[in-house]
Structure formats: structure tokens, C-alpha cells
$ cat entry12.cif   # mmCIF, C-alpha atoms
data_model
#
loop_
_atom_site.label_atom_id
_atom_site.label_comp_id
_atom_site.auth_asym_id
_atom_site.auth_seq_id
_atom_site.Cartn_x
_atom_site.Cartn_y
_atom_site.Cartn_z
CA MET A 1410 13.70 -31.45 27.98
CA SER A 1411 13.38 -28.14 26.16
CA LYS A 1412 10.75 -27.53 23.52
CA LEU A 1413 11.39 -27.51 19.77
CA PHE A 1414 8.61 -26.00 17.67
CA LEU A 1415 7.68 -27.24 14.19
CA SER A 1416 5.57 -25.35 11.67
CA ILE A 1417 4.68 -26.25 8.10
CA ASP A 1418 4.49 -23.86 5.14
CA PHE A 1419 1.65 -25.77 3.49
CA GLU A 1420 1.78 -24.99 -0.22
CA ASP A 1421 1.65 -26.75 -3.60
CA PHE A 1422 5.19 -26.38 -4.92
CA SER A 1423 4.27 -27.41 -8.47
CA HIS A 1424 1.58 -24.74 -8.73
CA ASP A 1425 3.75 -22.06 -7.14
CA LEU A 1426 6.91 -22.70 -9.17
CA GLY A 1427 4.95 -22.60 -12.42
CA ARG A 1428 3.41 -19.30 -11.34
CA ASP A 1429 6.85 -17.91 -10.42
CA LEU A 1430 8.19 -18.93 -13.83
CA GLY A 1431 5.28 -17.34 -15.69
CA LEU A 1432 3.92 -20.65 -16.97
CA TRP A 1433 0.43 -19.92 -15.62
CA GLU A 1434 -1.42 -17.62 -13.27
CA THR A 1435 -3.18 -20.50 -11.59
CA ARG A 1436 -4.33 -24.04 -12.32
CA PRO A 1437 -5.70 -27.08 -10.47
CA LEU A 1438 -3.60 -28.05 -7.47
CA ARG A 1439 -2.09 -31.48 -6.84
CA ILE A 1440 -4.52 -32.24 -4.06
CA ALA A 1441 -3.68 -35.94 -3.89
CA ALA A 1442 0.01 -35.11 -3.37
CA LEU A 1443 -0.84 -32.51 -0.72
CA THR A 1444 -2.97 -35.09 1.08
CA ARG A 1445 -0.20 -37.72 1.02
CA ALA A 1446 2.30 -35.18 2.31
CA TYR A 1447 -0.03 -34.11 5.11
CA GLU A 1448 -0.53 -37.75 6.10
CA ALA A 1449 3.27 -38.23 6.22
CA ILE A 1450 3.58 -35.19 8.50
CA GLU A 1451 0.77 -36.47 10.72
CA ARG A 1452 2.42 -39.89 10.99
CA PHE A 1453 5.66 -38.23 12.07
CA LEU A 1454 3.86 -36.17 14.71
CA GLN A 1455 1.97 -39.20 16.01
CA ALA A 1456 5.24 -41.10 16.29
CA HIS A 1457 6.63 -38.30 18.47
CA GLY A 1458 4.00 -37.92 21.13
CA GLY A 1459 1.11 -36.76 18.97
CA ALA A 1460 1.96 -33.07 19.29
CA ARG A 1461 -0.09 -30.71 17.18
CA ALA A 1462 1.56 -28.17 14.84
CA THR A 1463 0.85 -24.97 12.95
CA PHE A 1464 0.19 -25.11 9.19
CA PHE A 1465 0.73 -21.84 7.33
CA CYS A 1466 -1.56 -22.51 4.37
CA THR A 1467 -1.96 -20.62 1.11
CA GLY A 1468 -5.47 -19.39 0.41
CA ILE A 1469 -5.56 -21.12 -2.97
CA ILE A 1470 -5.47 -24.49 -1.16
CA ALA A 1471 -8.47 -23.44 0.94
CA GLU A 1472 -10.29 -22.49 -2.27
CA GLN A 1473 -9.51 -25.67 -4.19
CA ALA A 1474 -9.24 -28.20 -1.35
CA PRO A 1475 -11.39 -26.92 1.54
CA GLU A 1476 -11.94 -30.49 2.74
CA LEU A 1477 -8.19 -30.94 3.27
CA ILE A 1478 -7.94 -27.71 5.28
CA ALA A 1479 -10.99 -28.83 7.28
CA ARG A 1480 -9.32 -32.19 7.97
CA ILE A 1481 -6.08 -30.58 9.19
CA ALA A 1482 -8.08 -28.31 11.51
CA ALA A 1483 -10.31 -31.15 12.73
CA GLU A 1484 -7.24 -33.19 13.66
CA GLY A 1485 -6.21 -30.46 16.05
CA HIS A 1486 -3.69 -28.38 14.13
CA GLU A 1487 -3.60 -24.61 13.87
CA ILE A 1488 -4.48 -23.17 10.47
CA ALA A 1489 -2.50 -19.98 9.83
CA CYS A 1490 -2.13 -17.87 6.68
CA HIS A 1491 0.63 -18.08 4.05
CA HIS A 1492 -0.92 -15.42 1.77
CA HIS A 1493 -3.29 -16.30 -1.08
CA PHE A 1494 -0.80 -17.26 -3.76
CA HIS A 1495 2.82 -18.04 -2.88
CA ASP A 1496 3.88 -14.60 -4.12
CA CYS A 1497 6.62 -12.31 -2.81
CA ILE A 1498 4.85 -9.64 -0.78
CA ASP A 1499 7.76 -7.22 -1.16
CA GLN A 1500 6.74 -7.00 -4.83
CA GLU A 1501 3.11 -6.13 -4.01
CA THR A 1502 1.73 -2.69 -3.30
CA PRO A 1503 0.07 -2.31 0.11
CA GLU A 1504 -3.29 -2.24 -1.67
CA ALA A 1505 -2.65 -5.50 -3.53
CA PHE A 1506 -1.32 -7.09 -0.36
CA ALA A 1507 -4.43 -6.09 1.58
CA ALA A 1508 -6.74 -7.56 -1.07
CA ASN A 1509 -4.83 -10.85 -1.34
CA LEU A 1510 -4.50 -11.16 2.44
CA GLN A 1511 -8.22 -10.70 3.01
CA LYS A 1512 -9.01 -13.18 0.23
CA ALA A 1513 -6.75 -15.79 1.81
CA LEU A 1514 -8.03 -15.24 5.34
CA SER A 1515 -11.64 -15.49 4.21
CA ALA A 1516 -11.02 -18.79 2.41
CA LEU A 1517 -8.97 -20.28 5.25
CA ARG A 1518 -11.48 -19.31 7.94
CA ALA A 1519 -14.38 -20.67 5.90
CA ALA A 1520 -12.63 -23.98 5.19
CA SER A 1521 -11.18 -24.56 8.67
CA GLY A 1522 -14.01 -23.24 10.81
CA GLN A 1523 -11.26 -21.73 12.97
CA PRO A 1524 -10.08 -18.22 13.71
CA VAL A 1525 -6.91 -17.61 11.66
CA THR A 1526 -4.61 -15.46 13.75
CA GLY A 1527 -1.11 -16.18 12.41
CA PHE A 1528 0.72 -15.21 9.22
CA ARG A 1529 3.96 -16.04 7.44
CA ALA A 1530 5.03 -14.40 4.22
CA PRO A 1531 5.99 -16.69 1.32
CA LYS A 1532 9.79 -16.98 1.20
CA PHE A 1533 9.81 -14.69 4.28
CA ARG A 1534 9.67 -11.75 1.86
CA ILE A 1535 7.64 -8.91 3.33
CA PRO A 1536 8.96 -5.33 3.53
CA GLN A 1537 10.49 -4.75 6.94
CA SER A 1538 12.00 -1.32 6.38
CA ARG A 1539 8.61 0.14 5.41
CA SER A 1540 5.67 -0.04 7.77
CA ALA A 1541 2.66 -0.08 5.42
CA HIS A 1542 2.45 -3.85 4.93
CA TYR A 1543 2.83 -4.61 8.63
CA THR A 1544 0.29 -1.93 9.50
CA LEU A 1545 -2.22 -3.71 7.27
CA LEU A 1546 -1.26 -7.11 8.63
CA ALA A 1547 -1.82 -6.02 12.23
CA LYS A 1548 -5.46 -5.26 11.42
CA HIS A 1549 -6.16 -8.88 10.54
CA VAL A 1550 -3.94 -11.25 12.57
CA GLU A 1551 -2.43 -11.52 16.03
CA TYR A 1552 1.08 -12.63 15.14
CA ASP A 1553 3.57 -12.80 12.28
CA SER A 1554 6.31 -15.39 11.77
CA SER A 1555 8.16 -13.85 8.82
CA TYR A 1556 11.01 -12.12 10.63
CA LEU A 1557 14.49 -13.66 10.30
CA CYS A 1558 17.05 -12.70 12.93
CA ASN A 1559 19.89 -13.99 15.10
CA SER A 1560 18.87 -12.62 18.50
CA ALA A 1561 15.90 -11.89 20.71
CA GLU A 1562 17.17 -8.32 20.97
CA ALA A 1563 16.84 -7.81 17.21
CA ALA A 1564 13.32 -9.27 17.23
CA ARG A 1565 12.27 -7.05 20.17
CA HIS A 1566 13.66 -4.00 18.41
CA PHE A 1567 11.71 -4.82 15.26
CA SER A 1568 8.53 -5.56 17.20
CA ALA A 1569 8.83 -2.23 19.05
CA SER A 1570 9.02 -0.41 15.72
CA LEU A 1571 5.56 -1.59 14.65
CA ALA A 1572 2.44 0.48 15.10
CA PRO A 1573 -0.14 -0.84 15.68
CA PRO A 1574 1.57 -3.60 17.69
CA LEU A 1575 1.87 -7.11 16.29
CA LYS A 1576 3.39 -10.14 18.01
CA ILE A 1577 6.53 -11.37 16.26
CA LEU A 1578 7.51 -15.05 16.27
CA PRO A 1579 10.93 -14.98 14.59
CA ILE A 1580 12.81 -17.68 12.73
CA PHE A 1581 16.47 -18.01 13.71
CA ALA A 1582 18.98 -17.32 10.92
CA ALA A 1583 22.73 -17.19 11.50
CA ARG A 1584 26.07 -18.72 10.61
CA PRO A 1585 26.45 -22.07 12.42
CA ARG A 1586 30.21 -21.51 12.52
CA ALA A 1587 32.75 -18.96 11.29
CA LEU A 1588 32.97 -18.61 7.49
CA ALA A 1589 29.86 -20.77 6.99
CA PRO A 1590 26.95 -19.32 5.01
CA LYS A 1591 24.04 -17.81 6.90
CA MET A 1592 21.44 -20.52 7.37
CA ARG A 1593 17.84 -20.67 8.53
CA LEU A 1594 16.52 -23.24 10.94
CA GLY A 1595 14.47 -25.23 8.46
CA GLY A 1596 13.65 -25.93 4.83
CA THR A 1597 16.42 -26.87 2.42
CA TYR A 1598 19.04 -25.90 4.99
CA LEU A 1599 17.84 -28.61 7.35
CA LYS A 1600 17.74 -31.21 4.57
CA LEU A 1601 21.09 -30.54 2.94
CA PHE A 1602 23.31 -29.91 5.94
CA SER A 1603 24.27 -32.34 8.65
CA ARG A 1604 22.37 -33.16 11.83
CA ALA A 1605 25.31 -31.70 13.76
CA THR A 1606 24.88 -28.39 11.91
CA ALA A 1607 21.17 -28.34 12.74
CA ALA A 1608 21.96 -29.10 16.38
CA ARG A 1609 24.40 -26.17 16.47
CA LEU A 1610 21.73 -23.86 15.06
CA ILE A 1611 19.20 -25.07 17.64
CA LYS A 1612 21.70 -24.45 20.44
CA ALA A 1613 22.60 -21.03 19.04
CA SER A 1614 18.94 -20.09 18.79
CA THR A 1615 18.40 -20.97 22.45
CA GLN A 1616 21.52 -19.06 23.50
CA ALA A 1617 20.26 -16.05 21.52
CA GLY A 1618 17.05 -16.05 23.55
CA LEU A 1619 14.84 -17.49 20.80
CA ALA A 1620 12.86 -20.69 21.26
CA PRO A 1621 14.09 -23.04 18.50
CA HIS A 1622 11.52 -23.21 15.72
CA ILE A 1623 11.93 -25.36 12.60
CA TYR A 1624 9.87 -24.66 9.50
CA LEU A 1625 9.35 -27.25 6.75
CA HIS A 1626 7.18 -27.85 3.67
CA PRO A 1627 4.91 -30.71 2.57
CA TYR A 1628 7.17 -31.71 -0.33
CA GLU A 1629 10.06 -32.32 2.10
CA PHE A 1630 8.16 -35.16 3.79
CA VAL A 1631 7.82 -37.19 0.58
CA ALA A 1632 10.47 -38.45 -1.82
CA ASP A 1633 8.33 -39.44 -4.80
CA GLN A 1634 8.78 -36.09 -6.61
CA SER A 1635 5.00 -35.76 -6.73
CA PHE A 1636 5.33 -31.95 -6.60
CA ALA A 1637 7.94 -31.71 -9.39
CA LEU A 1638 7.14 -30.14 -12.74
CA SER A 1639 7.67 -32.42 -15.72
CA ARG A 1640 9.76 -31.64 -18.80
CA ALA A 1641 6.53 -31.15 -20.75
CA GLU A 1642 5.23 -28.62 -18.23
CA LEU A 1643 8.53 -26.73 -18.33
CA ALA A 1644 8.88 -26.88 -22.14
CA PRO A 1645 7.40 -23.37 -22.78
CA LEU A 1646 10.48 -21.94 -21.03
CA GLY A 1647 12.69 -23.06 -23.90
CA PRO A 1648 15.22 -25.93 -23.92
CA ALA A 1649 17.93 -24.33 -21.76
CA ARG A 1650 15.70 -22.90 -19.01
CA ALA A 1651 13.51 -26.00 -18.99
CA ALA A 1652 16.57 -28.25 -18.52
CA TYR A 1653 17.87 -26.00 -15.72
CA TRP A 1654 14.61 -26.01 -13.78
CA HIS A 1655 14.04 -29.71 -14.32
CA ALA A 1656 17.43 -30.44 -12.73
CA ARG A 1657 17.14 -27.74 -10.07
CA GLN A 1658 14.01 -29.31 -8.62
CA SER A 1659 16.11 -32.11 -7.13
CA GLN A 1660 17.05 -29.61 -4.41
CA TRP A 1661 13.46 -29.61 -3.17
CA HIS A 1662 12.05 -33.01 -4.11
CA LYS A 1663 14.87 -35.52 -3.93
CA ILE A 1664 18.08 -34.62 -2.10
CA GLY A 1665 17.74 -35.37 1.60
CA ASN A 1666 13.99 -36.04 1.58
CA ARG A 1667 14.16 -39.70 2.53
CA SER A 1668 16.44 -39.02 5.50
CA LEU A 1669 14.56 -35.97 6.81
CA PRO A 1670 12.27 -37.84 9.26
CA GLN A 1671 15.25 -39.66 10.74
CA LYS A 1672 17.17 -36.40 11.09
CA LEU A 1673 14.22 -34.75 12.83
CA SER A 1674 13.79 -37.75 15.09
CA ALA A 1675 17.44 -37.58 16.10
CA LEU A 1676 17.13 -33.87 16.91
CA LEU A 1677 14.11 -34.66 19.08
CA GLN A 1678 16.13 -36.97 21.31
CA ASN A 1679 16.96 -33.89 23.38
CA HIS A 1680 13.74 -31.95 22.82
CA THR A 1681 9.98 -32.36 22.84
CA LEU A 1682 7.71 -30.92 20.17
CA GLY A 1683 6.25 -27.67 21.42
CA GLY A 1684 2.82 -27.77 19.78
CA ARG A 1685 0.72 -25.13 18.04
CA LEU A 1686 2.16 -21.64 17.84
CA ASP A 1687 -1.11 -19.94 18.79
CA GLU A 1688 -1.12 -21.86 22.07
CA ASN A 1689 2.45 -20.79 22.91
CA LEU A 1690 2.45 -17.08 22.16
CA THR A 1691 3.58 -16.11 25.66
CA PRO A 1692 6.95 -17.90 25.51
CA LEU A 1693 7.44 -17.37 21.76
CA ALA A 1694 6.27 -13.85 20.91
CA LEU A 1695 8.56 -10.83 21.09
#
$ encode --input "entry12.cif" --output "C-alpha cells"
Amino acid sequence: MSKLFLSIDFEDFSHDLGRDLGLWETRPLRIAALTRAYEAIERFLQAHGGARATFFCTGIIAEQAPELIARIAAEGHEIACHHHFHDCIDQETPEAFAANLQKALSALRAASGQPVTGFRAPKFRIPQSRSAHYTLLAKHVEYDSSYLCNSAEAARHFSASLAPPLKILPIFAARPRALAPKMRLGGTYLKLFSRATAARLIKASTQAGLAPHIYLHPYEFVADQSFALSRAELAPLGPARAAYWHARQSQWHKIGNRSLPQKLSALLQNHTLGGRLDENLTPLAL
């Protein structure tokens, strides 16, 4: 059977949404919720052959919950970097990006006791038409998994444009059928659309020369809304915006969460989990 890779963008949604909305710069993380979500992910992996995975972790988790990062590493998973805060890198100057990247890498390496050689930009947003951010990134990590594309040719072309060189592990993004919206292989797209749609994307990824690679988040493995912001936390936004964001969170914390493990299990009937990304750079990197 062919390999299907799984990686986790390991972040505290409640902390990051509040920061995005301007409710705070930072605050204590929901460490208990992160731990429960990690344990749900680990149970899923153990139920499917015990394969290890790659966790792209924000640096703020390593600062506030170093014991959790240490546990994930000790249980055999790769710790990779998801920036310090879950901020959009395309809104940061190269200087700010460099400072935040180094802060995150330092915290993650200290907490995990591992080399940290992989990176994924929050929301996949890192400037790709300007080289400065990737030039800085190449000084600190071996590979990047922020590039969205629909073919190996596009990924090779992008990789060839980088100096100094940096290995690119792309995420497949395409239309699963004519007139359908462009979808990524993971996240909300995997939850909300059918198993058949996900299977079509996996097949299309393989046909495009890209090893199928699903990305998910800790909050998608639980259905208790433990990462959702309450009405009281959202209240400073004003009644209308608070009501909108309270309802909007169902997209991430409720709809499709309970059925996600079953959907993944069904997809794995024809695939095996591929393991850590850092141990598969030869077949994956372009």
C-alpha cells in the first residue's frame, strides 16, 4: 500500500484567535486541552500501527508547556516549528520574522531536546514572491512545508528559485472536480467535505507527483469545544462581532470533529501512515 503522511499544526486555537482579534497579545494557554488533544492524536496513531508523526509546534507552547513538548518528543514524534506566535508571516518584516523564528526555535529545541529542522508558516502565509523570508529561513532549518501547489513541477520550480537552497515539502491544493472550490488536503476541508472528496484529492496528489500529506490541528481531534472562546471572552469585540465569532467557531470545534477519526481510518484502508517528515525527506522533498 502507498504511504499517506500526517502532520499536526500544534497550536492553541483559543490563544491564537484572541490574538488575531486583538483581544490580547498573549495569555496563559489551555494546556489541559492541548494535552487531551495530543492524547487523542496519539491514540489514533497507536490504533493505526503506531506510526510516528511530525508536530509543527508554536514557540509559545514550548515556553508555557515545555513538559508537553518534551513528552511529544519522548514518545518518538518529530518536533518542528510553527513560528513563535500563530501570526501571519507575510505581515512581518524580515527582521521581525528572524527574531520570532529564532525565539521559537530556541524554545522548541530546549523543550524537546531534539534538533528542530522543519518549519511551517501559520496559515501557510509566508511571502513566496519575495526571497528575504525564505533566505532567513534557510539559515535555520532544513525543510519548509508551507508551499501550496497542485503539481511536483510547480514545487520544483519554486524550490529552484530559492538561494540558499531549502528543501520544500509541499501541501497539495487543487479543485477535486470541475467547478469545485480549490481545496487543501487537510484541516477544515477534510472535516467538512466527504470522504470521497478527500480520496479524490489524495489520488490527484499522487498523480501530480506529490506524496499525499494531510495536515490537521489538535482541536480537530476533540469535540468538546475546549479551544473555543466564550461569549465573555469575546464581549470586548462588541455585540455583533462577538456573536459572529461565537457562532463561527463551530467550523473549527464542532462540525465534523466527531467523525474525523472514522474518516481518517477509512482513508487509511488503502494507505499506511508514512511516519515523521524528517525521516522521509528523500521521497518527499522537492
$ closest_residue --input "entry12.cif" --among "A:Asn1559, A:His1495, A:Ser1635, A:Arg1657" --to "Leu1610 of chain A" --atoms "only C-alpha atoms"
A:Asn1559
$ closest_residue --input "entry12.cif" --among "A:Leu1443, A:Cys1490, A:Leu1546, A:Leu1575" --to "Phe1636 of chain A" --atoms "all atoms listed in the file"
A:Leu1443
$ closest_residue --input "entry12.cif" --among "A:Arg1667, A:Arg1518, A:Arg1586, A:His1626" --to "Glu1487 of chain A" --atoms "all atoms listed in the file"
A:Arg1518
$ closest_residue --input "entry12.cif" --among "A:Cys1466, A:Leu1594, A:Leu1432, A:Leu1413" --to "Glu1642 of chain A" --atoms "all atoms listed in the file"
A:Leu1432
$ residues_near_point --input "entry12.cif" --point "(-10.2, -16.3, -2.8)" --cutoff "8 Å" --atoms "only C-alpha atoms" --output "ChimeraX atom specification"
/A:1468-1469,1472,1493,1509,1512-1513,1515-1516
$ closest_residue --input "entry12.cif" --among "A:Ala1442, A:Ala1483, A:Val1525, A:Ala1462" --to "Ser1423 of chain A" --atoms "only C-alpha atoms"
A:Ala1442
$ resolve_selection --input "entry12.cif" --expression "the PyMOL selection byres ((chain A and resi 1568) around 12)" --output "PDB file with C-alpha atoms, in the coordinates of the input"
ATOM      1  CA  GLN A1537      10.490  -4.750   6.940  1.00  0.00           C
ATOM      2  CA  SER A1540       5.670  -0.040   7.770  1.00  0.00           C
ATOM      3  CA  TYR A1543       2.830  -4.610   8.630  1.00  0.00           C
ATOM      4  CA  THR A1544       0.290  -1.930   9.500  1.00  0.00           C
ATOM      5  CA  ALA A1547      -1.820  -6.020  12.230  1.00  0.00           C
ATOM      6  CA  TYR A1552       1.080 -12.630  15.140  1.00  0.00           C
ATOM      7  CA  ASP A1553       3.570 -12.800  12.280  1.00  0.00           C
ATOM      8  CA  SER A1554       6.310 -15.390  11.770  1.00  0.00           C
ATOM      9  CA  SER A1555       8.160 -13.850   8.820  1.00  0.00           C
ATOM     10  CA  TYR A1556      11.010 -12.120  10.630  1.00  0.00           C
ATOM     11  CA  CYS A1558      17.050 -12.700  12.930  1.00  0.00           C
ATOM     12  CA  ALA A1561      15.900 -11.890  20.710  1.00  0.00           C
ATOM     13  CA  GLU A1562      17.170  -8.320  20.970  1.00  0.00           C
ATOM     14  CA  ALA A1563      16.840  -7.810  17.210  1.00  0.00           C
ATOM     15  CA  ALA A1564      13.320  -9.270  17.230  1.00  0.00           C
ATOM     16  CA  ARG A1565      12.270  -7.050  20.170  1.00  0.00           C
ATOM     17  CA  HIS A1566      13.660  -4.000  18.410  1.00  0.00           C
ATOM     18  CA  PHE A1567      11.710  -4.820  15.260  1.00  0.00           C
ATOM     19  CA  ALA A1569       8.830  -2.230  19.050  1.00  0.00           C
ATOM     20  CA  SER A1570       9.020  -0.410  15.720  1.00  0.00           C
ATOM     21  CA  LEU A1571       5.560  -1.590  14.650  1.00  0.00           C
ATOM     22  CA  ALA A1572       2.440   0.480  15.100  1.00  0.00           C
ATOM     23  CA  PRO A1573      -0.140  -0.840  15.680  1.00  0.00           C
ATOM     24  CA  PRO A1574       1.570  -3.600  17.690  1.00  0.00           C
ATOM     25  CA  LEU A1575       1.870  -7.110  16.290  1.00  0.00           C
ATOM     26  CA  LYS A1576       3.390 -10.140  18.010  1.00  0.00           C
ATOM     27  CA  ILE A1577       6.530 -11.370  16.260  1.00  0.00           C
ATOM     28  CA  LEU A1578       7.510 -15.050  16.270  1.00  0.00           C
ATOM     29  CA  PRO A1579      10.930 -14.980  14.590  1.00  0.00           C
ATOM     30  CA  ALA A1694       6.270 -13.850  20.910  1.00  0.00           C
ATOM     31  CA  LEU A1695       8.560 -10.830  21.090  1.00  0.00           C
TER      32      LEU A1695
END
$ closest_residue --input "entry12.cif" --among "A:Lys1532, A:Arg1539, A:His1655, A:Lys1612" --to "Leu1625 of chain A" --atoms "only C-alpha atoms"
A:Lys1532
$ residues_near_point --input "entry12.cif" --point "(1.7, -26.4, 4.6)" --cutoff "9 Å" --atoms "all atoms listed in the file" --output "PDB file with C-alpha atoms, in the coordinates of the input"
ATOM      1  CA  SER A1416       5.570 -25.350  11.670  1.00  0.00           C
ATOM      2  CA  ILE A1417       4.680 -26.250   8.100  1.00  0.00           C
ATOM      3  CA  ASP A1418       4.490 -23.860   5.140  1.00  0.00           C
ATOM      4  CA  PHE A1419       1.650 -25.770   3.490  1.00  0.00           C
ATOM      5  CA  GLU A1420       1.780 -24.990  -0.220  1.00  0.00           C
ATOM      6  CA  ASP A1421       1.650 -26.750  -3.600  1.00  0.00           C
ATOM      7  CA  LEU A1443      -0.840 -32.510  -0.720  1.00  0.00           C
ATOM      8  CA  TYR A1447      -0.030 -34.110   5.110  1.00  0.00           C
ATOM      9  CA  THR A1463       0.850 -24.970  12.950  1.00  0.00           C
ATOM     10  CA  PHE A1464       0.190 -25.110   9.190  1.00  0.00           C
ATOM     11  CA  PHE A1465       0.730 -21.840   7.330  1.00  0.00           C
ATOM     12  CA  CYS A1466      -1.560 -22.510   4.370  1.00  0.00           C
ATOM     13  CA  THR A1467      -1.960 -20.620   1.110  1.00  0.00           C
ATOM     14  CA  HIS A1491       0.630 -18.080   4.050  1.00  0.00           C
ATOM     15  CA  LEU A1625       9.350 -27.250   6.750  1.00  0.00           C
ATOM     16  CA  HIS A1626       7.180 -27.850   3.670  1.00  0.00           C
ATOM     17  CA  PRO A1627       4.910 -30.710   2.570  1.00  0.00           C
TER      18      PRO A1627
END
$ residues_around --input "entry12.cif" --residues "Leu1599 of chain A" --least-positions-apart "5" --cutoff "12 Å" --atoms "only C-alpha atoms" --output "number ranges by chain"
A: 1582, 1585, 1592-1594, 1604-1611, 1622-1626, 1629, 1660-1661, 1664-1666, 1668-1673, 1676
$ atom_distance --input "entry12.cif" --atom1 "atom CA of Arg1480 of chain A" --atom2 "atom CA of Ala1460 of chain A"
16.0 Å
$ atom_distance --input "entry12.cif" --atom1 "atom CA of Phe1630 of chain A" --atom2 "atom CA of Gly1527 of chain A"
22.8 Å
$ axis_aligned_box --input "entry12.cif" --around "segment 1483-1496 of chain A" --padding-each-side "8 Å" --output "JSON"
{"center_x": -3.2, "center_y": -23.9, "center_z": 6.0, "size_x": 30.2, "size_y": 34.6, "size_z": 36.2}
$ atom_distance --input "entry12.cif" --atom1 "atom CA of Lys1412 of chain A" --atom2 "atom CA of Ile1580 of chain A"
14.8 Å
$ residues_around --input "entry12.cif" --residues "Asp1425 of chain A" --least-positions-apart "5" --cutoff "10 Å" --atoms "all atoms listed in the file" --output "PyMOL selection string"
chain A and resi 1420+1430-1436+1438+1494-1496
$ resolve_selection --input "entry12.cif" --expression "the PyMOL selection byres ((chain A and resi 1549) around 9)" --output "list in words"
Leu1510, Gln1511, Leu1514, Val1525, Thr1526, Leu1545, Leu1546, Ala1547, Lys1548, Val1550 and Glu1551 of chain A
$ write_last_selection --input "entry12.cif" --atoms "C-alpha atoms" --output "PDB file, in the frame of the given file"
ATOM      1  CA  LEU A1510      -4.500 -11.160   2.440  1.00  0.00           C
ATOM      2  CA  GLN A1511      -8.220 -10.700   3.010  1.00  0.00           C
ATOM      3  CA  LEU A1514      -8.030 -15.240   5.340  1.00  0.00           C
ATOM      4  CA  VAL A1525      -6.910 -17.610  11.660  1.00  0.00           C
ATOM      5  CA  THR A1526      -4.610 -15.460  13.750  1.00  0.00           C
ATOM      6  CA  LEU A1545      -2.220  -3.710   7.270  1.00  0.00           C
ATOM      7  CA  LEU A1546      -1.260  -7.110   8.630  1.00  0.00           C
ATOM      8  CA  ALA A1547      -1.820  -6.020  12.230  1.00  0.00           C
ATOM      9  CA  LYS A1548      -5.460  -5.260  11.420  1.00  0.00           C
ATOM     10  CA  VAL A1550      -3.940 -11.250  12.570  1.00  0.00           C
ATOM     11  CA  GLU A1551      -2.430 -11.520  16.030  1.00  0.00           C
TER      12      GLU A1551
END
$ resolve_selection --input "entry12.cif" --expression "the PyMOL selection byres ((chain A and resi 1498-1503) around 8)" --output "number ranges by chain"
A: 1496-1497, 1504-1507, 1530-1531, 1534-1536, 1541-1542, 1545
$ decode --input "entry12.cif" --residues "segment 1602-1619 of chain A" --atoms "C-alpha atoms" --output "CSV table (one decimal), in the first residue's frame"
chain,number,residue,atom,x,y,z
A,1602,PHE,CA,-16.2,17.6,2.8
A,1603,SER,CA,-16.9,14.0,2.1
A,1604,ARG,CA,-14.6,11.0,2.4
A,1605,ALA,CA,-14.9,10.6,-1.4
A,1606,THR,CA,-13.7,14.1,-2.0
A,1607,ALA,CA,-10.7,13.5,0.3
A,1608,ALA,CA,-10.0,10.3,-1.6
A,1609,ARG,CA,-10.1,12.2,-4.9
A,1610,LEU,CA,-7.6,14.8,-3.6
A,1611,ILE,CA,-5.3,12.0,-2.4
A,1612,LYS,CA,-5.4,10.3,-5.8
A,1613,ALA,CA,-4.9,13.7,-7.6
A,1614,SER,CA,-1.9,14.5,-5.3
A,1615,THR,CA,-0.3,11.1,-6.2
A,1616,GLN,CA,-1.0,11.6,-9.9
A,1617,ALA,CA,0.6,15.1,-9.7
A,1618,GLY,CA,3.8,13.5,-8.4
A,1619,LEU,CA,3.3,14.6,-4.7
